[in-house]
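File shown: run20.cif (mmCIF, C-alpha atoms).
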```cif
data_input
#
loop_
_atom_site.label_atom_id
_atom_site.label_comp_id
_atom_site.auth_asym_id
_atom_site.auth_seq_id
_atom_site.Cartn_x
_atom_site.Cartn_y
_atom_site.Cartn_z
CA MET N 780 -19.89 13.37 39.59
CA SER N 781 -22.03 15.95 41.36
CA TYR N 782 -21.24 19.65 41.02
CA ASP N 783 -24.07 20.86 43.28
CA LYS N 784 -21.82 22.81 45.66
CA GLU N 785 -19.93 24.41 42.80
CA LEU N 786 -23.16 25.34 40.98
CA ALA N 787 -24.64 26.97 44.10
CA ALA N 788 -21.41 28.96 44.61
CA ALA N 789 -21.24 29.99 40.94
CA LYS N 790 -24.87 31.16 40.88
CA LYS N 791 -24.34 33.19 44.05
CA ALA N 792 -21.11 34.75 42.74
CA ALA N 793 -22.58 35.66 39.34
CA SER N 794 -25.78 37.07 40.89
CA LEU N 795 -23.85 39.33 43.27
CA ALA N 796 -21.58 40.46 40.42
CA ALA N 797 -24.69 41.25 38.37
CA ARG N 798 -25.99 43.37 41.25
CA LEU N 799 -22.73 45.33 41.30
CA CYS N 800 -22.80 45.83 37.52
CA GLN N 801 -26.41 47.04 37.60
CA LYS N 802 -25.52 49.55 40.28
CA VAL N 803 -22.64 50.94 38.21
CA GLN N 804 -24.57 50.93 34.93
CA ARG N 805 -27.32 53.01 36.50
CA ALA N 806 -24.86 55.73 37.36
CA ILE N 807 -21.99 55.53 34.92
CA LEU N 808 -19.56 58.36 35.54
CA GLN N 809 -16.96 59.51 33.08
CA SER N 810 -14.16 58.39 35.38
CA ASP N 811 -15.41 54.80 35.33
CA VAL N 812 -14.05 54.01 31.90
CA GLN N 813 -10.34 53.47 31.52
CA SER N 814 -8.69 52.37 28.34
CA LYS N 815 -6.89 49.04 28.44
CA SER N 816 -3.90 48.57 26.17
CA ASP N 817 -6.06 46.85 23.53
CA LYS N 818 -8.47 49.81 23.64
CA SER N 819 -11.48 47.82 24.80
CA PRO N 820 -13.03 49.98 27.48
CA VAL N 821 -12.73 48.59 30.95
CA THR N 822 -14.84 49.78 33.81
CA VAL N 823 -14.97 49.90 37.56
CA ALA N 824 -17.66 47.25 37.23
CA ASP N 825 -15.31 44.92 35.31
CA TYR N 826 -12.79 44.89 38.14
CA GLY N 827 -15.44 44.89 40.86
CA SER N 828 -17.25 41.96 39.24
CA GLN N 829 -14.02 39.92 39.02
CA ALA N 830 -13.07 40.70 42.64
CA LEU N 831 -16.54 39.70 43.86
CA VAL N 832 -16.70 36.43 41.92
CA SER N 833 -13.20 35.47 43.03
CA TYR N 834 -13.92 36.28 46.68
CA VAL N 835 -17.34 34.57 46.80
CA LEU N 836 -16.11 31.36 45.14
CA GLN N 837 -13.23 31.10 47.60
CA ARG N 838 -15.49 31.73 50.59
CA GLU N 839 -18.13 29.26 49.42
CA LEU N 840 -15.65 26.51 48.45
CA PRO N 841 -12.91 26.89 51.06
CA SER N 842 -11.62 23.32 50.84
CA GLU N 843 -10.92 23.40 47.09
CA LEU N 844 -7.64 24.44 45.52
CA PHE N 845 -8.64 27.68 43.77
CA SER N 846 -7.62 28.36 40.18
CA MET N 847 -9.30 30.93 37.94
CA VAL N 848 -8.69 31.99 34.35
CA ALA N 849 -10.13 35.49 34.03
CA GLU N 850 -9.93 38.52 31.80
CA GLU N 851 -8.67 41.26 34.12
CA ASP N 852 -5.55 41.80 36.20
CA SER N 853 -4.71 44.58 38.63
CA GLU N 854 -1.71 46.06 36.81
CA ASP N 855 -3.45 49.30 35.79
CA LEU N 856 -5.13 49.59 39.19
CA CYS N 857 -1.82 49.55 41.05
CA LYS N 858 -0.62 52.79 39.43
CA ASP N 859 -0.69 55.91 41.63
CA SER N 860 -3.14 57.58 39.24
CA ALA N 861 -5.66 54.77 39.81
CA GLN N 862 -5.79 54.98 43.61
CA GLU N 863 -9.17 56.72 43.62
CA THR N 864 -10.60 54.14 41.17
CA LEU N 865 -9.33 51.27 43.33
CA GLU N 866 -10.93 52.81 46.43
CA ARG N 867 -14.21 53.18 44.55
CA ILE N 868 -14.09 49.52 43.42
CA THR N 869 -13.36 48.42 47.00
CA LYS N 870 -16.31 50.42 48.34
CA LEU N 871 -18.62 48.96 45.69
CA VAL N 872 -17.54 45.39 46.45
CA ASN N 873 -18.02 45.94 50.20
CA ASP N 874 -21.45 47.55 49.64
CA ILE N 875 -22.64 44.52 47.63
CA LEU N 876 -21.25 42.04 50.18
CA ALA N 877 -22.92 43.98 53.01
CA SER N 878 -26.26 44.07 51.18
CA ASP N 879 -26.14 40.29 50.79
CA GLY N 880 -25.46 39.72 54.47
CA SER N 881 -23.71 36.35 54.05
CA TYR N 882 -20.27 37.77 54.76
CA SER N 883 -20.94 40.33 57.47
CA ASP N 884 -17.70 39.30 59.18
CA SER N 885 -15.53 40.79 56.47
CA THR N 886 -14.75 44.20 55.04
CA LEU N 887 -12.22 44.02 52.23
CA SER N 888 -9.25 46.39 52.02
CA THR N 889 -7.91 47.70 48.69
CA ASP N 890 -5.13 45.07 49.00
CA ASP N 891 -7.74 42.32 49.44
CA VAL N 892 -9.50 43.49 46.27
CA VAL N 893 -6.25 43.53 44.27
CA LYS N 894 -5.45 40.00 45.51
CA ALA N 895 -8.95 38.77 44.59
CA ILE N 896 -8.65 40.24 41.08
CA ASP N 897 -5.23 38.68 40.59
CA CYS N 898 -6.50 35.21 41.50
CA GLY N 899 -7.63 35.21 37.85
CA LYS N 900 -4.12 34.77 36.46
CA SER N 901 -4.25 30.99 36.07
CA GLU N 902 -3.36 29.55 32.67
CA GLY N 903 -6.05 26.84 32.83
CA GLY N 904 -5.23 23.68 30.88
CA SER N 905 -6.19 20.03 30.76
CA GLN N 906 -5.45 19.04 34.35
CA GLY N 907 -7.36 19.81 37.53
CA ARG N 908 -10.19 22.28 38.01
CA HIS N 909 -10.20 25.86 36.79
CA TRP N 910 -12.91 28.48 37.00
CA VAL N 911 -13.23 30.57 33.83
CA LEU N 912 -14.61 34.11 34.15
CA ASP N 913 -15.48 37.04 31.96
CA PRO N 914 -16.50 39.59 34.62
CA ILE N 915 -18.34 41.70 32.04
CA ASP N 916 -18.65 40.11 28.65
CA GLY N 917 -19.74 42.84 26.27
CA THR N 918 -18.15 45.90 27.90
CA LYS N 919 -19.23 48.10 25.00
CA GLY N 920 -22.82 46.92 25.35
CA PHE N 921 -22.57 47.65 29.07
CA LEU N 922 -21.38 51.19 28.38
CA ARG N 923 -24.17 51.73 25.83
CA GLY N 924 -26.82 50.47 28.27
CA ASP N 925 -27.41 47.37 26.12
CA GLN N 926 -26.64 43.66 26.60
CA TYR N 927 -23.77 42.28 28.65
CA ALA N 928 -23.20 39.13 30.70
CA ILE N 929 -21.29 37.89 33.70
CA ALA N 930 -20.02 34.59 32.30
CA LEU N 931 -18.65 31.95 34.69
CA ALA N 932 -17.75 28.34 33.88
CA LEU N 933 -15.89 25.47 35.51
CA LEU N 934 -13.35 23.34 33.67
CA ASP N 935 -12.61 19.88 35.06
CA GLU N 936 -9.75 18.02 33.35
CA GLY N 937 -10.09 20.31 30.31
CA LYS N 938 -13.86 19.87 29.86
CA VAL N 939 -16.51 22.51 30.62
CA VAL N 940 -18.72 20.90 33.27
CA LEU N 941 -20.73 23.84 34.57
CA GLY N 942 -21.76 27.26 33.30
CA VAL N 943 -23.62 30.28 34.64
CA LEU N 944 -24.61 33.30 32.54
CA ALA N 945 -26.07 36.31 34.32
CA CYS N 946 -27.63 38.68 31.76
CA PRO N 947 -28.94 41.72 33.67
CA ASN N 948 -30.51 43.47 30.65
CA LEU N 949 -31.92 40.45 28.80
CA PRO N 950 -35.73 40.36 28.85
CA LEU N 951 -37.30 37.32 30.47
CA THR N 952 -39.50 36.92 27.41
CA SER N 953 -38.19 36.11 23.93
CA ILE N 954 -36.20 38.66 21.94
CA ALA N 955 -37.11 36.91 18.67
CA GLY N 956 -37.83 39.55 16.06
CA GLY N 957 -35.03 41.76 17.31
CA SER N 958 -36.52 43.44 20.36
CA GLN N 959 -33.89 43.38 23.08
CA HIS N 960 -35.58 46.24 24.95
CA SER N 961 -38.62 45.51 27.04
CA LEU N 962 -40.80 47.08 29.70
CA PRO N 963 -39.17 47.89 33.04
CA GLY N 964 -39.34 45.04 35.52
CA GLU N 965 -39.16 42.35 32.85
CA VAL N 966 -35.38 42.11 32.41
CA GLY N 967 -32.61 40.16 34.08
CA CYS N 968 -31.99 36.44 33.42
CA LEU N 969 -29.71 33.85 34.95
CA PHE N 970 -28.97 30.74 32.84
CA PHE N 971 -27.22 27.75 34.38
CA SER N 972 -26.11 24.29 33.27
CA VAL N 973 -24.28 21.29 34.63
CA VAL N 974 -22.95 18.62 32.29
CA GLY N 975 -25.61 15.98 31.70
CA GLY N 976 -28.26 17.99 33.56
CA GLY N 977 -29.84 20.31 30.99
CA THR N 978 -30.08 24.12 31.00
CA TYR N 979 -32.32 26.20 33.25
CA MET N 980 -33.21 29.87 33.45
CA HIS N 981 -34.68 32.05 36.14
CA SER N 982 -35.08 35.75 36.80
CA LEU N 983 -32.16 37.41 38.58
CA ASP N 984 -34.76 38.41 41.18
CA SER N 985 -36.12 34.93 41.89
CA SER N 986 -34.98 31.33 42.06
CA SER N 987 -37.94 29.67 40.36
CA ALA N 988 -36.22 28.01 37.38
CA VAL N 989 -37.62 26.73 34.09
CA LYS N 990 -35.87 24.23 31.82
CA VAL N 991 -35.02 25.69 28.40
CA GLN N 992 -34.39 24.10 24.99
CA VAL N 993 -32.94 25.34 21.72
CA SER N 994 -35.33 25.88 18.81
CA SER N 995 -36.24 22.75 16.85
CA ILE N 996 -36.72 24.67 13.56
CA GLY N 997 -35.32 22.64 10.67
CA ASN N 998 -36.24 24.97 7.80
CA PRO N 999 -33.57 27.68 7.29
CA GLU N 1000 -36.18 30.05 5.84
CA GLU N 1001 -37.84 30.20 9.26
CA ALA N 1002 -34.56 30.57 11.15
CA SER N 1003 -33.23 33.79 12.60
CA PHE N 1004 -29.61 34.37 13.45
CA PHE N 1005 -27.61 36.28 16.01
CA GLU N 1006 -24.28 37.99 15.49
CA SER N 1007 -22.07 40.45 17.36
CA TYR N 1008 -23.33 44.02 17.65
CA GLU N 1009 -19.88 45.43 16.92
CA ALA N 1010 -18.62 44.96 13.36
CA ALA N 1011 -15.10 44.97 14.82
CA HIS N 1012 -15.92 41.72 16.65
CA SER N 1013 -17.19 39.69 13.71
CA MET N 1014 -17.27 39.83 9.91
CA HIS N 1015 -20.87 40.77 9.20
CA ASP N 1016 -20.39 40.43 5.42
CA LEU N 1017 -19.42 36.76 5.79
CA SER N 1018 -22.42 36.09 8.05
CA SER N 1019 -24.68 37.75 5.51
CA SER N 1020 -23.33 35.58 2.68
CA ILE N 1021 -23.89 32.42 4.77
CA ALA N 1022 -27.44 33.45 5.65
CA LYS N 1023 -28.20 34.09 1.96
CA LYS N 1024 -26.89 30.64 0.97
CA LEU N 1025 -29.01 29.00 3.64
CA GLY N 1026 -32.12 30.90 2.58
CA VAL N 1027 -32.54 32.74 5.88
CA LYS N 1028 -35.16 35.47 5.37
CA ALA N 1029 -34.98 37.38 8.65
CA PRO N 1030 -32.38 40.13 9.15
CA PRO N 1031 -29.69 39.37 11.76
CA VAL N 1032 -30.33 40.18 15.40
CA ARG N 1033 -27.21 41.97 16.60
CA ILE N 1034 -26.58 41.89 20.32
CA ASP N 1035 -23.50 42.10 22.51
CA SER N 1036 -21.95 39.41 24.66
CA GLN N 1037 -22.73 35.81 25.58
CA ALA N 1038 -26.32 36.94 26.17
CA LYS N 1039 -26.62 35.56 22.59
CA TYR N 1040 -25.87 32.06 23.87
CA GLY N 1041 -28.51 32.47 26.59
CA ALA N 1042 -31.13 33.72 24.14
CA LEU N 1043 -30.31 30.91 21.71
CA SER N 1044 -30.54 28.27 24.48
CA ARG N 1045 -34.21 29.17 25.03
CA GLY N 1046 -35.06 29.29 21.32
CA ASP N 1047 -35.15 33.06 20.69
CA GLY N 1048 -33.02 32.51 17.59
CA VAL N 1049 -31.67 29.45 15.81
CA ILE N 1050 -28.17 30.32 14.60
CA TYR N 1051 -25.24 32.28 16.05
CA LEU N 1052 -22.31 33.11 13.77
CA ARG N 1053 -19.03 34.62 14.95
CA PHE N 1054 -16.15 35.21 12.53
CA PRO N 1055 -13.47 37.40 14.08
CA HIS N 1056 -11.13 39.39 11.87
CA LYS N 1057 -7.77 37.89 10.91
CA GLY N 1058 -5.23 37.77 13.71
CA TYR N 1059 -7.76 37.67 16.56
CA ARG N 1060 -7.46 34.76 18.99
CA GLU N 1061 -10.60 33.71 20.83
CA LYS N 1062 -10.25 33.56 24.61
CA ILE N 1063 -11.84 30.73 26.58
CA TRP N 1064 -13.76 33.11 28.87
CA ASP N 1065 -15.65 34.53 25.87
CA HIS N 1066 -17.29 31.16 25.16
CA ALA N 1067 -16.99 28.60 27.98
CA ALA N 1068 -20.18 29.43 29.90
CA GLY N 1069 -22.20 30.11 26.73
CA TYR N 1070 -20.99 26.87 25.18
CA ILE N 1071 -22.32 24.61 27.95
CA VAL N 1072 -25.56 26.60 28.32
CA VAL N 1073 -26.35 25.96 24.63
CA ALA N 1074 -25.00 22.39 24.52
CA GLU N 1075 -27.05 21.29 27.54
CA ALA N 1076 -30.14 22.90 25.96
CA GLY N 1077 -29.71 20.59 22.96
CA GLY N 1078 -27.64 22.85 20.71
CA VAL N 1079 -24.37 22.25 18.86
CA VAL N 1080 -21.33 24.55 19.09
CA THR N 1081 -18.36 24.02 16.74
CA ASP N 1082 -15.67 25.93 14.91
CA ALA N 1083 -16.21 26.80 11.24
CA ALA N 1084 -14.90 23.39 10.14
CA GLY N 1085 -17.31 21.51 12.41
CA ASN N 1086 -14.73 20.61 15.07
CA PRO N 1087 -15.78 20.68 18.72
CA LEU N 1088 -14.34 23.56 20.78
CA ASP N 1089 -11.32 22.58 22.89
CA PHE N 1090 -11.09 24.47 26.19
CA SER N 1091 -8.12 22.45 27.50
CA LYS N 1092 -5.29 24.33 25.79
CA GLY N 1093 -4.90 27.28 28.16
CA ARG N 1094 -6.29 30.81 27.91
CA TYR N 1095 -7.00 30.69 24.16
CA LEU N 1096 -9.28 28.71 21.87
CA ASP N 1097 -7.27 28.01 18.77
CA LEU N 1098 -9.82 27.14 16.15
CA ASP N 1099 -10.67 27.16 12.48
CA THR N 1100 -11.90 30.60 11.29
CA GLY N 1101 -14.86 31.15 13.62
CA ILE N 1102 -17.60 29.73 15.82
CA ILE N 1103 -21.02 28.52 14.70
CA VAL N 1104 -23.94 27.55 16.89
CA THR N 1105 -27.30 26.03 15.97
CA ASN N 1106 -29.51 22.98 16.52
CA PRO N 1107 -28.59 19.46 15.29
CA LYS N 1108 -31.12 19.61 12.42
CA LEU N 1109 -29.62 22.72 10.82
CA MET N 1110 -25.94 22.06 11.53
CA PRO N 1111 -25.14 20.01 8.38
CA SER N 1112 -26.57 22.62 5.97
CA LEU N 1113 -25.09 25.47 8.02
CA LEU N 1114 -21.61 23.90 7.87
CA GLN N 1115 -21.92 23.53 4.11
CA ALA N 1116 -22.99 27.17 3.69
CA VAL N 1117 -20.12 28.28 5.92
CA ARG N 1118 -17.59 26.25 3.93
CA GLU N 1119 -18.83 27.59 0.56
CA SER N 1120 -18.93 31.20 1.78
CA ILE N 1121 -15.41 31.02 3.22
CA GLU N 1122 -14.07 29.49 -0.02
CA GLU N 1123 -15.70 32.28 -2.06
CA LYS N 1124 -14.28 34.93 0.24
CA VAL N 1125 -10.77 33.47 -0.06
CA SER N 1126 -10.96 33.16 -3.85
CA SER N 1127 -12.14 36.76 -4.21
CA LEU N 1128 -9.12 38.13 -2.32
#
```
What is this structure when it is put down as structure tokens?
Amino acid sequence: MSYDKELAAAKKAASLAARLCQKVQRAILQSDVQSKSDKSPVTVADYGSQALVSYVLQRELPSELFSMVAEEDSEDLCKDSAQETLERITKLVNDILASDGSYSDSTLSTDDVVKAIDCGKSEGGSQGRHWVLDPIDGTKGFLRGDQYAIALALLDEGKVVLGVLACPNLPLTSIAGGSQHSLPGEVGCLFFSVVGGGTYMHSLDSSSAVKVQVSSIGNPEEASFFESYEAAHSMHDLSSSIAKKLGVKAPPVRIDSQAKYGALSRGDGVIYLRFPHKGYREKIWDHAAGYIVVAEAGGVVTDAAGNPLDFSKGRYLDLDTGIIVTNPKLMPSLLQAVRESIEEKVSSL
């Protein structure tokens, strides 16, 4: 089955959302950060990105029944105290749409923006098609001026069939060795994949794409690994124990967001380990786009027990302990190191 139309729409939506996020990041104001109930900071850009992606997908694919599973909803924006924020989001969305020129017939009202945001309330599941969106994956990285991603995927009958990762701050050249900062003018990547079609990357500023592949390194001593920047997002001590068992020499490269999946898909690193703290449930929007980008580049993504990730169960990924990503050569020894390290951690409690 061809997903050409859907891919073109997804790339356009993610690119415009990236443009909005870049605009906000350049001029972050104190009033842009609100606190969501779970205390993860949410920004004007988060809401604006979701509204834009929702609107663009619906305009580009008017004949399709639209369903989207996304991180944000408008509840906090509909409070009286948020009126100014909502107006600012609406202006930002309209500015980006106007600068693109494709939709010159429409200026969105604040109500239109709220409706677009709330199109992300779908529960997903194993039937039909559902878009899956994290409007800004890595909000803390975004606020710090570091890595973040606009992560958009399409589920068809419970399977991820398409993924787009826009990474506005990721250098076009490799970040192997831990350098995620590079000279001005050399940052901003868009990764995209369709099932069975490989993974490609191009600059956010151009459409000349190159095919990318995961690293073929088979010797753990030469492998580098990625993990979450925030210790609250992943157990760094467990990752460190696994790396030691494998014989990995290089220190971990810690970066925010699904930009890690993008970097891994082009061979910047070889392993990505994510072990959330007890009680945390992984959401599908945190992994769907990254998963297909790595898988189509030749990588393997499983839970800590080696099971494939199942995106068909709704908004959450219920899985064993954590997520591990690497190439097929290293996966058997990585799984063994993971199993031994988890057993040691449990027995020491």
One decimal place gives the CA of Thr952 in chain N-CA of Val966 in chain N separation as 8.3 Å
Can you build me a table of range 900-984 of chain N residues sitting at most 9 Å from range 791-809 of chain N, with the closest atom pair per residue and its distance in Å to one decimal, using only C-alpha atoms, sorted by chain and residue number, as a tab-separated table?
```
residue	atom	partner	partner_atom	distance
N:Pro914	CA	N:Ala796	CA	7.8
N:Ile915	CA	N:Cys800	CA	8.2
N:Phe921	CA	N:Gln804	CA	7.0
N:Leu922	CA	N:Gln804	CA	7.3
N:Gly924	CA	N:Gln804	CA	7.0
N:Ala928	CA	N:Ala797	CA	8.1
N:Ile929	CA	N:Ala793	CA	6.2
N:Ala930	CA	N:Ala793	CA	7.6
N:Leu931	CA	N:Ala793	CA	7.1
N:Val943	CA	N:Ala793	CA	7.2
N:Leu944	CA	N:Ala793	CA	7.5
N:Ala945	CA	N:Ala793	CA	6.1
N:Cys946	CA	N:Ala797	CA	7.7
N:Pro947	CA	N:Ala797	CA	6.4
N:Asn948	CA	N:Gln801	CA	8.8
N:Leu969	CA	N:Ser794	CA	7.8
N:Leu983	CA	N:Ser794	CA	6.8
```
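Between CA of Gly827 in chain N and CA of Ile896 in chain N there is a distance of 8.2 Å.
Each of N:Leu831, N:Ile1063, N:Leu933, N:Ala1042 was compared to Ile875 in chain N using all atoms listed in the file, and N:Leu831 turns out to be the nearest.
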CA of Ser1112 in chain N and CA of Gly1046 in chain N are how many Å apart?
-> 18.8 Å
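Comparing N:Tyr782, N:Val1117, N:Tyr826, N:Arg867 by their smallest distance to Val974 in chain N, the closest is N:Tyr782 (using all atoms listed in the file).
Between Val835 in chain N and the candidates N:Lys990, N:Lys858, N:Lys790, N:Lys1024, the tightest atom-to-atom separation, counting all atoms listed in the file, involves N:Lys790.
The neighbours of Ile996 in chain N here are the residues that come within 9 Å of it, using only C-alpha atoms and leaving out any residue fewer than 4 positions away in the same chain; they are Glu1001, Ala1002, Val1049, Asn1106, Lys1108 and Leu1109 of chain N.
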Selection result of the PyMOL selection byres ((chain N and resi 927) around 6) on this file, as an MDAnalysis selection string | chainID N and resid 916:917 920:921 926 928 1036
